[in-house]
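Engineer: After the structure tokens below, expect a handful of questions from me.
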Amino acid sequence: MNAPEFFDAPDRSTTAEALAKEFRDVFGVGPAGVWSAPGRVNLIGEHVDYTGGLCLPLALPHRTFVALRPRTDGVVHVRSLQEAGGQVDVDLSSVGAGSPTGWAAYVAGVPWALQQRGLAGEVLSGGFDAVVDGHVPYGSGLSSSAALECAVAIALGELAGAPLDDAGRAALAGACQLAENVVAGAATGGMDQAASLRCHEGGAILLDTDDDSVTQVALDLAGAGLALLVVDTRAEHSHAGGEYGKRRADVERAAQLLGVPNLRGVDPAGLDEALDRVGAEPDGEVLRRRVRHAVTEIDRVRRTAQLLQAGKASRIGDLLDASHDSLRDDYEVSCRELDLTVDVARAEGALGARMTGGGFGGSAIALVPADRVGAVADAVAAAFAAQALAAPRFLTALPAEGAGRDL
Ligand code: GLA
């Protein structure tokens, strides 16, 4: 077996400078600037951001860059260094539900959504030229699409003179989520965009999706002798989009049955009673499990944040484990590759391990003693090889800075 492949983030300023040069080569003139936005990994709080829950994501050092220059004719010309298909041209007047399709939705959907939200300046309706360079592993559940949206949003927001404090970033994140929901047609919550725009280096954010507030939570894993290993299982599940929507529909119906706006409204102390009530429905057994996941997961996030705030990072492992078990058994969004990763990581000395992101494939995280990173990665890679699964790839997550200007 070959040594496990680690997916490192390239140097930020070198990448930005190379992209500015690329832009000049393509469009014959320099960009107005280069901006970038990170992918994210969620420490805990999964599948609760569309039901008013809490989550605890951190930004990755892996970013998507965009070099951009405003136009005045209402057209977007965009090229991606990762797409062989050449330039995509989109007339902004044609942007709306389901249009354009493909990766251009995450670019052209953003000025459309900024306008819908009343965040648009003149610069936004004029269109732009852009070249995109993505370094967030694609299709890995690490939010490469949010990184692309947020890089475009921070560029346009800054050029339009929008405030870029946390409140301004929250507004941009909301617009990016709207672009994803309507233009790209994916009914996601807002965690990924909030993480990409509102995180700071050295910490995670405790995101309260009920009121959109954020609390910065310092995450000094290295100081505690720990590392957060991310395993991209390379497992892709084509039905994932439909299953995500079904889970969302389940919790929305459960909230309705319980007479609350969302499942944040169910107090953990009242969980048994809530379970009895939804359990009386014809599909009560499924609803019971969905509600149990959401309510217990939100409580685990609260407890994880408290431990981190008390400087006790080494004690969150059991909560990570319980989160995975709940996502696997009650929410049913895990898969063989994710479960294998988690089992092997735990057996090799991880303090805790869980799937992260939407699931059905994608990535898992393992909180490991810093000197066990290599051993855990070796063991996971060996287990995949033994089961004839495609080789997973790895990265270590150091909490990085949210979206911003590079050049
Ligand atoms: C995806 C979605 C997020 C969130 C997670 C699960 O990443 O984009 O909004 O729902 O799944 O926590």
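Just so we're on the same page: first chain in the structure tokens is A, next is B, and so on; residues restart at 1 for each chain, and ligands are numbered from 1 in the order they show up.
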Excluding Ser125 of chain A and any residue of its chain fewer than 6 positions from it, enumerate the residues within 10 Å of it, using only C-alpha atoms, and give them as a list in words.
Structural biologist: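 Here the qualifying residues turn out to be Pro70, Arg71, Thr72, Asp73, Gly74, Val75, Val76, Leu92, Ser93, Pro111, Trp112, Leu114 and Gln115 of chain A.
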Engineer: Would you name the residues within 9 Å of ligand 1, counting only C-alpha atoms and all ligand atoms, and put them as a PyMOL selection string?
Structural biologist: chain A and resi 42+44-50+55+141-143+145-146+177+180+186-193+244+248+356-359
Engineer: Counting only C-alpha atoms, figure out which residue out of A:Val291, A:Leu58, A:Pro369, A:Gly223 gets nearest to Ala255 of chain A.
Structural biologist: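 Selected residue with least distance to Ala255 of chain A: A:Val291.
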Engineer: Could you tell me how far atom CA of Gly53 of chain A sits from atom CA of Ala397 of chain A, in Å to one decimal place?
Structural biologist: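 Between atom CA of Ala397 of chain A and atom CA of Gly53 of chain A the gap works out to 23.4 Å.
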Engineer: Near Glu236 of chain A, counting only C-alpha atoms, which residues have an atom at most 9 Å away, once you skip same-chain residues fewer than 5 positions from it, shown as a CSV table (one decimal) with C-alpha atoms, in the first residue's frame?
Structural biologist:
```csv
chain,number,residue,atom,x,y,z
A,139,GLY,CA,-17.1,16.7,-3.5
A,140,SER,CA,-15.6,15.9,-0.1
A,360,PHE,CA,-23.8,9.7,2.6
A,361,GLY,CA,-20.1,9.9,1.7
A,362,GLY,CA,-17.7,12.8,2.0
```
Engineer: Measuring between only C-alpha atoms, which one of A:Asp406, A:Gly157, A:Pro57, A:Ser13 shows the shortest distance to Pro31 of chain A?
Structural biologist: A:Asp406
Engineer: Quick one: residues within 9 Å of Asp212 of chain A, only C-alpha atoms, excluding same-chain residues fewer than 2 positions away - as a PDB file with C-alpha atoms, in the first residue's frame?
Structural biologist:
```
ATOM      1  CA  GLY A  52     -32.803  26.296  14.429  1.00  0.00           C
ATOM      2  CA  ALA A 170     -23.910  37.494   8.170  1.00  0.00           C
ATOM      3  CA  ALA A 194     -21.580  31.297   7.862  1.00  0.00           C
ATOM      4  CA  LEU A 207     -23.421  29.345  15.275  1.00  0.00           C
ATOM      5  CA  ASP A 208     -26.967  29.662  16.558  1.00  0.00           C
ATOM      6  CA  THR A 209     -29.096  29.146  13.475  1.00  0.00           C
ATOM      7  CA  ASP A 210     -32.223  30.200  15.373  1.00  0.00           C
ATOM      8  CA  VAL A 214     -22.177  33.720  16.352  1.00  0.00           C
TER       9      VAL A 214
END
```
Engineer: Looking at only C-alpha atoms, which of A:Asp133, A:Asp299, A:Asp343, A:Asp91 is the one that sits closest to Ala147 of chain A?
Structural biologist: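 Going through A:Asp133, A:Asp299, A:Asp343, A:Asp91 one by one, the smallest distance to Ala147 of chain A is for A:Asp133.
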